[in-house]
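This is data-v3.pdb. It holds PDB, C-alpha atoms and all ligand atoms.
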ATOM      1  CA  MET F  11      26.201  23.886  16.779  1.00  0.00           C
ATOM      2  CA  LYS F  12      23.663  21.783  15.064  1.00  0.00           C
ATOM      3  CA  VAL F  13      24.706  18.946  12.897  1.00  0.00           C
ATOM      4  CA  LYS F  14      22.042  18.052  10.479  1.00  0.00           C
ATOM      5  CA  LYS F  15      22.223  14.583   9.134  1.00  0.00           C
ATOM      6  CA  LYS F  16      20.902  14.129   5.711  1.00  0.00           C
ATOM      7  CA  THR F  17      19.122  10.863   5.338  1.00  0.00           C
ATOM      8  CA  THR F  18      17.935  11.452   1.843  1.00  0.00           C
ATOM      9  CA  GLN F  19      18.400   8.292  -0.092  1.00  0.00           C
ATOM     10  CA  ARG F  20      19.284   8.591  -3.686  1.00  0.00           C
ATOM     11  CA  VAL F  21      18.497   5.343  -5.368  1.00  0.00           C
ATOM     12  CA  LYS F  22      18.549   6.009  -9.072  1.00  0.00           C
ATOM     13  CA  HIS F  23      15.215   7.518  -9.802  1.00  0.00           C
ATOM     14  CA  VAL F  24      12.878   4.674  -9.154  1.00  0.00           C
ATOM     15  CA  PRO F  25       9.936   5.978  -7.180  1.00  0.00           C
ATOM     16  CA  GLN F  26       9.854   4.372  -3.756  1.00  0.00           C
ATOM     17  CA  ARG F  27       6.904   3.892  -1.507  1.00  0.00           C
ATOM     18  CA  THR F  28       6.283   2.580   1.956  1.00  0.00           C
ATOM     19  CA  CYS F  29       3.913  -0.312   2.425  1.00  0.00           C
ATOM     20  CA  VAL F  30       1.446   0.655   5.128  1.00  0.00           C
ATOM     21  CA  GLY F  31       1.169  -2.985   6.146  1.00  0.00           C
ATOM     22  CA  CYS F  32       4.781  -3.852   6.910  1.00  0.00           C
ATOM     23  CA  ARG F  33       6.465  -0.429   6.536  1.00  0.00           C
ATOM     24  CA  GLU F  34       8.954  -1.783   4.034  1.00  0.00           C
ATOM     25  CA  ILE F  35      10.071   0.571   1.356  1.00  0.00           C
ATOM     26  CA  LEU F  36       9.858  -0.765  -2.127  1.00  0.00           C
ATOM     27  CA  SER F  37       9.700   0.438  -5.665  1.00  0.00           C
ATOM     28  CA  LYS F  38       6.298   1.549  -6.757  1.00  0.00           C
ATOM     29  CA  ARG F  39       5.982  -1.328  -9.182  1.00  0.00           C
ATOM     30  CA  GLN F  40       5.689  -3.906  -6.427  1.00  0.00           C
ATOM     31  CA  MET F  41       3.005  -1.939  -4.697  1.00  0.00           C
ATOM     32  CA  ILE F  42      -0.692  -1.598  -5.081  1.00  0.00           C
ATOM     33  CA  ARG F  43      -2.081   1.844  -4.653  1.00  0.00           C
ATOM     34  CA  VAL F  44      -5.181   2.420  -2.640  1.00  0.00           C
ATOM     35  CA  VAL F  45      -6.725   5.797  -3.056  1.00  0.00           C
ATOM     36  CA  ARG F  46      -9.340   7.778  -1.260  1.00  0.00           C
ATOM     37  CA  THR F  47     -11.485   9.656  -3.695  1.00  0.00           C
ATOM     38  CA  GLY F  48     -14.072  11.761  -1.991  1.00  0.00           C
ATOM     39  CA  GLU F  49     -15.863   9.454   0.382  1.00  0.00           C
ATOM     40  CA  ARG F  50     -14.672   6.217  -1.079  1.00  0.00           C
ATOM     41  CA  VAL F  51     -11.573   4.151  -0.706  1.00  0.00           C
ATOM     42  CA  ARG F  52     -10.635   1.898  -3.537  1.00  0.00           C
ATOM     43  CA  VAL F  53      -7.847   0.067  -5.272  1.00  0.00           C
ATOM     44  CA  ASP F  54      -6.202   2.098  -7.977  1.00  0.00           C
ATOM     45  CA  LEU F  55      -4.530  -0.247 -10.396  1.00  0.00           C
ATOM     46  CA  THR F  56      -3.697   2.521 -12.838  1.00  0.00           C
ATOM     47  CA  GLY F  57      -1.965   4.584 -10.163  1.00  0.00           C
ATOM     48  CA  LYS F  58      -3.470   7.659 -11.718  1.00  0.00           C
ATOM     49  CA  LEU F  59      -6.536   8.439  -9.705  1.00  0.00           C
ATOM     50  CA  ALA F  60      -6.458  11.736  -7.926  1.00  0.00           C
ATOM     51  CA  GLY F  61      -6.815  11.665  -4.193  1.00  0.00           C
ATOM     52  CA  ARG F  62      -4.928  10.707  -1.108  1.00  0.00           C
ATOM     53  CA  GLY F  63      -3.129   7.488  -1.770  1.00  0.00           C
ATOM     54  CA  ALA F  64      -1.468   4.794   0.256  1.00  0.00           C
ATOM     55  CA  TYR F  65       0.533   1.819  -0.883  1.00  0.00           C
ATOM     56  CA  LEU F  66       0.414  -1.814  -0.018  1.00  0.00           C
ATOM     57  CA  HIS F  67       2.433  -4.790  -1.156  1.00  0.00           C
ATOM     58  CA  ASP F  68       0.847  -7.310  -3.426  1.00  0.00           C
ATOM     59  CA  ARG F  69       1.022  -9.624  -0.453  1.00  0.00           C
ATOM     60  CA  LEU F  70      -1.920 -10.879   1.518  1.00  0.00           C
ATOM     61  CA  SER F  71      -0.362 -10.447   4.941  1.00  0.00           C
ATOM     62  CA  CYS F  72       0.231  -6.762   4.312  1.00  0.00           C
ATOM     63  CA  TRP F  73      -3.372  -6.232   3.315  1.00  0.00           C
ATOM     64  CA  VAL F  74      -4.629  -8.025   6.362  1.00  0.00           C
ATOM     65  CA  ARG F  75      -2.528  -5.767   8.495  1.00  0.00           C
ATOM     66  CA  GLY F  76      -3.437  -2.710   6.482  1.00  0.00           C
ATOM     67  CA  LEU F  77      -7.142  -3.348   6.807  1.00  0.00           C
ATOM     68  CA  LYS F  78      -6.790  -3.638  10.558  1.00  0.00           C
ATOM     69  CA  GLY F  79      -6.217   0.060  10.718  1.00  0.00           C
ATOM     70  CA  ALA F  80      -2.957   1.123   9.114  1.00  0.00           C
ATOM     71  CA  LEU F  81      -4.585   1.817   5.798  1.00  0.00           C
ATOM     72  CA  ALA F  82      -7.383   3.950   7.200  1.00  0.00           C
ATOM     73  CA  HIS F  83      -4.818   5.797   9.240  1.00  0.00           C
ATOM     74  CA  ALA F  84      -2.624   6.447   6.217  1.00  0.00           C
ATOM     75  CA  LEU F  85      -5.595   7.704   4.270  1.00  0.00           C
ATOM     76  CA  LYS F  86      -6.792   9.756   7.214  1.00  0.00           C
ATOM     77  CA  THR F  87     -10.230   8.281   7.016  1.00  0.00           C
ATOM     78  CA  GLU F  88     -12.420   5.503   8.318  1.00  0.00           C
ATOM     79  CA  LEU F  89     -13.141   2.575   6.081  1.00  0.00           C
ATOM     80  CA  SER F  90     -16.828   2.193   5.501  1.00  0.00           C
ATOM     81  CA  HIS F  91     -18.487  -1.193   5.236  1.00  0.00           C
ATOM     82  CA  GLU F  92     -18.441  -0.902   1.477  1.00  0.00           C
ATOM     83  CA  ASP F  93     -14.846   0.190   1.314  1.00  0.00           C
ATOM     84  CA  ARG F  94     -13.817  -2.717   3.432  1.00  0.00           C
ATOM     85  CA  ALA F  95     -15.842  -5.183   1.389  1.00  0.00           C
ATOM     86  CA  ARG F  96     -14.313  -3.886  -1.805  1.00  0.00           C
ATOM     87  CA  LEU F  97     -10.806  -4.019  -0.451  1.00  0.00           C
ATOM     88  CA  GLU F  98     -11.298  -7.473   0.980  1.00  0.00           C
ATOM     89  CA  GLU F  99     -12.582  -8.695  -2.321  1.00  0.00           C
ATOM     90  CA  PHE F 100      -9.416  -7.477  -3.958  1.00  0.00           C
ATOM     91  CA  MET F 101      -7.295  -8.811  -1.140  1.00  0.00           C
ATOM     92  CA  ASN F 102      -8.674 -12.280  -1.648  1.00  0.00           C
ATOM     93  CA  THR F 103      -7.223 -12.375  -5.149  1.00  0.00           C
ATOM     94  CA  LEU F 104      -3.728 -11.892  -3.805  1.00  0.00           C
ATOM     95  CA  PRO F 105      -1.323 -14.727  -3.198  1.00  0.00           C
ATOM     96  CA  ALA F 106      -0.484 -15.433   0.418  1.00  0.00           C
ATOM     97  CA  GLU F 107       3.220 -15.057  -0.191  1.00  0.00           C
ATOM     98  CA  ALA F 108       3.996 -13.318  -3.431  1.00  0.00           C
ATOM     99  CA  GLU F 109       7.678 -14.063  -3.995  1.00  0.00           C
ATOM    100  CA  ASP F 110       8.131 -17.482  -2.488  1.00  0.00           C
ATOM    101  CA  GLU F 111       4.953 -18.942  -3.801  1.00  0.00           C
ATOM    102  CA  LYS F 112       5.978 -18.368  -7.382  1.00  0.00           C
ATOM    103  CA  GLN F 113       8.958 -20.619  -6.938  1.00  0.00           C
ATOM    104  CA  ALA F 114       6.810 -23.382  -5.512  1.00  0.00           C
ATOM    105  CA  LEU F 115       4.617 -23.449  -8.549  1.00  0.00           C
TER     106      LEU F 115
HETATM  107 ZN    ZN F 201       4.158  -4.873   2.940  1.00  0.00          ZN
END
Structure re-expressed in structure tokens:
Amino acid sequence: MKVKKKTTQRVKHVPQRTCVGCREILSKRQMIRVVRTGERVRVDLTGKLAGRGAYLHDRLSCWVRGLKGALAHALKTELSHEDRARLEEFMNTLPAEAEDEKQAL
């Protein structure tokens, strides 16, 4: 006899996404979507671009980790020089520690 465990989490109906940097699951609002459209990979701040998407925290450390490979893997692609430059440019606008830093200011 097979016992199937249901691990479906029902948390209201807030869309939840996994950060490809740290694998934490968070509500979509705290995440930044990166989308692969055709050949390019770019940040999708509207969350509406069609294409394969992946999510990352608005936290620098997660982007650093993501750009090391997790992001490309999630998008099933290789990041080109341009993609990387574009993503790094965006990454550099992020705070090092989103939550904690706010308190310090
Ligand atoms: Zn993260």
Near-ligand residues for ligand ZN 201 (chain F), threshold 6 Å, only C-alpha atoms and all ligand atoms, as a ChimeraX atom specification | /F:29,31-32,34,66-67,72
Computed interatomic separation between CA of Glu49 in chain F and CA of Ala106 in chain F (Å) =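 Distance reported for this atom pair: 29.3 Å.
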Please write the residues picked by the PyMOL selection byres (((chain F and resi 93) around 10) and not hetatm) on this file as an MDAnalysis selection string.
-> chainID F and resid 46 49:53 88:92 94:99
Determine the nearest neighbour of Gly48 in chain F from the options F:Leu85, F:Val24, F:Val74, F:Leu104, counting all atoms listed in the file.
-> F:Leu85
To one decimal place, how far is CA of Ala80 in chain F from CA of Gly63 in chain F in Å?
->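 Computed distance, CA of Ala80 in chain F to CA of Gly63 in chain F, equals 12.6 Å.
As for CA of Gly79 in chain F and CA of Lys58 in chain F, they are spaced 23.8 Å apart.
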Residue among F:Phe100, F:Thr87, F:Thr28, F:Leu70 lying closest to Leu55 in chain F, counting all atoms listed in the file | F:Phe100
Using the file's own x, y and z axes, what box holds all listed atoms of range 90-102 of chain F with 8 Å on each side, keeping edges along x, y and z, and what are its centre and edge lengths in Å to one decimal, as JSON?
{"center_x": -12.9, "center_y": -5.0, "center_z": 0.8, "size_x": 27.2, "size_y": 30.5, "size_z": 25.5}
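The residue that comes closest to Arg43 in chain F, out of F:Ser71, F:Thr103, F:Ala64, F:Ala84 and on the basis of all atoms listed in the file, is F:Ala64.
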Within 9 Å of Pro105 in chain F, counting all atoms listed in the file, which residues show up once you throw out same-chain ones fewer than 4 positions away? Write them as a PyMOL selection string, please.
-> chain F and resi 68-70+101+111
The residue from F:His83, F:Arg75, F:Arg62, F:Arg27 with the smallest atom-to-atom distance to Arg39 in chain F, counting only C-alpha atoms, is F:Arg27
For each of F:Lys86, F:His23, F:Tyr65, F:Ala60, take the minimum atom-to-atom distance to Met41 in chain F, counting all atoms listed in the file, then give the residue where this is smallest.
->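 The answer is F:Tyr65, which sits nearest to Met41 in chain F.
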Counting all atoms listed in the file, the option among F:Ala82, F:Gly61, F:Val45, F:Asp54 closest to Val30 in chain F | F:Ala82
Reconstruct N, CA and C atoms of range 63-85 of chain F from the incomplete input and present them as a compact mmCIF listing (two decimals), in the frame of the given file.
# COMPACT_ATOMS: atom_id res chain seq x y z
N GLY F 63 -3.45 8.88 -1.51
CA GLY F 63 -3.13 7.49 -1.77
C GLY F 63 -2.26 6.86 -0.70
N ALA F 64 -2.34 5.55 -0.63
CA ALA F 64 -1.47 4.79 0.26
C ALA F 64 -1.06 3.56 -0.53
N TYR F 65 0.05 2.97 -0.13
CA TYR F 65 0.53 1.82 -0.88
C TYR F 65 0.62 0.57 -0.03
N LEU F 66 0.30 -0.52 -0.67
CA LEU F 66 0.41 -1.81 -0.02
C LEU F 66 1.07 -2.79 -0.99
N HIS F 67 1.85 -3.68 -0.41
CA HIS F 67 2.43 -4.79 -1.16
C HIS F 67 1.36 -5.62 -1.85
N ASP F 68 1.78 -6.34 -2.83
CA ASP F 68 0.85 -7.31 -3.43
C ASP F 68 0.97 -8.61 -2.63
N ARG F 69 0.84 -8.48 -1.35
CA ARG F 69 1.02 -9.62 -0.45
C ARG F 69 -0.12 -9.64 0.55
N LEU F 70 -0.74 -10.76 0.68
CA LEU F 70 -1.92 -10.88 1.52
C LEU F 70 -1.70 -10.39 2.95
N SER F 71 -0.60 -10.79 3.54
CA SER F 71 -0.36 -10.45 4.94
C SER F 71 -0.33 -8.93 5.16
N CYS F 72 0.17 -8.21 4.18
CA CYS F 72 0.23 -6.76 4.31
C CYS F 72 -1.16 -6.14 4.23
N TRP F 73 -2.00 -6.74 3.43
CA TRP F 73 -3.37 -6.23 3.32
C TRP F 73 -4.15 -6.51 4.58
N VAL F 74 -3.94 -7.68 5.12
CA VAL F 74 -4.63 -8.02 6.36
C VAL F 74 -4.26 -7.00 7.43
N ARG F 75 -2.99 -6.73 7.51
CA ARG F 75 -2.53 -5.77 8.49
C ARG F 75 -3.04 -4.36 8.18
N GLY F 76 -2.98 -4.03 6.90
CA GLY F 76 -3.44 -2.71 6.48
C GLY F 76 -4.90 -2.48 6.81
N LEU F 77 -5.71 -3.49 6.57
CA LEU F 77 -7.14 -3.35 6.81
C LEU F 77 -7.49 -3.30 8.29
N LYS F 78 -6.55 -3.70 9.11
CA LYS F 78 -6.79 -3.64 10.56
C LYS F 78 -6.71 -2.22 11.08
N GLY F 79 -6.27 -1.32 10.24
CA GLY F 79 -6.22 0.06 10.72
C GLY F 79 -5.17 0.94 10.07
N ALA F 80 -4.05 0.33 9.67
CA ALA F 80 -2.96 1.12 9.11
C ALA F 80 -3.36 1.87 7.84
N LEU F 81 -4.17 1.21 7.06
CA LEU F 81 -4.58 1.82 5.80
C LEU F 81 -5.48 3.03 6.04
N ALA F 82 -6.47 2.85 6.88
CA ALA F 82 -7.38 3.95 7.20
C ALA F 82 -6.60 5.11 7.79
N HIS F 83 -5.64 4.78 8.62
CA HIS F 83 -4.82 5.80 9.24
C HIS F 83 -4.02 6.56 8.18
N ALA F 84 -3.43 5.83 7.26
CA ALA F 84 -2.62 6.45 6.22
C ALA F 84 -3.47 7.34 5.32
N LEU F 85 -4.70 6.94 5.14
CA LEU F 85 -5.60 7.70 4.27
C LEU F 85 -6.36 8.78 5.05
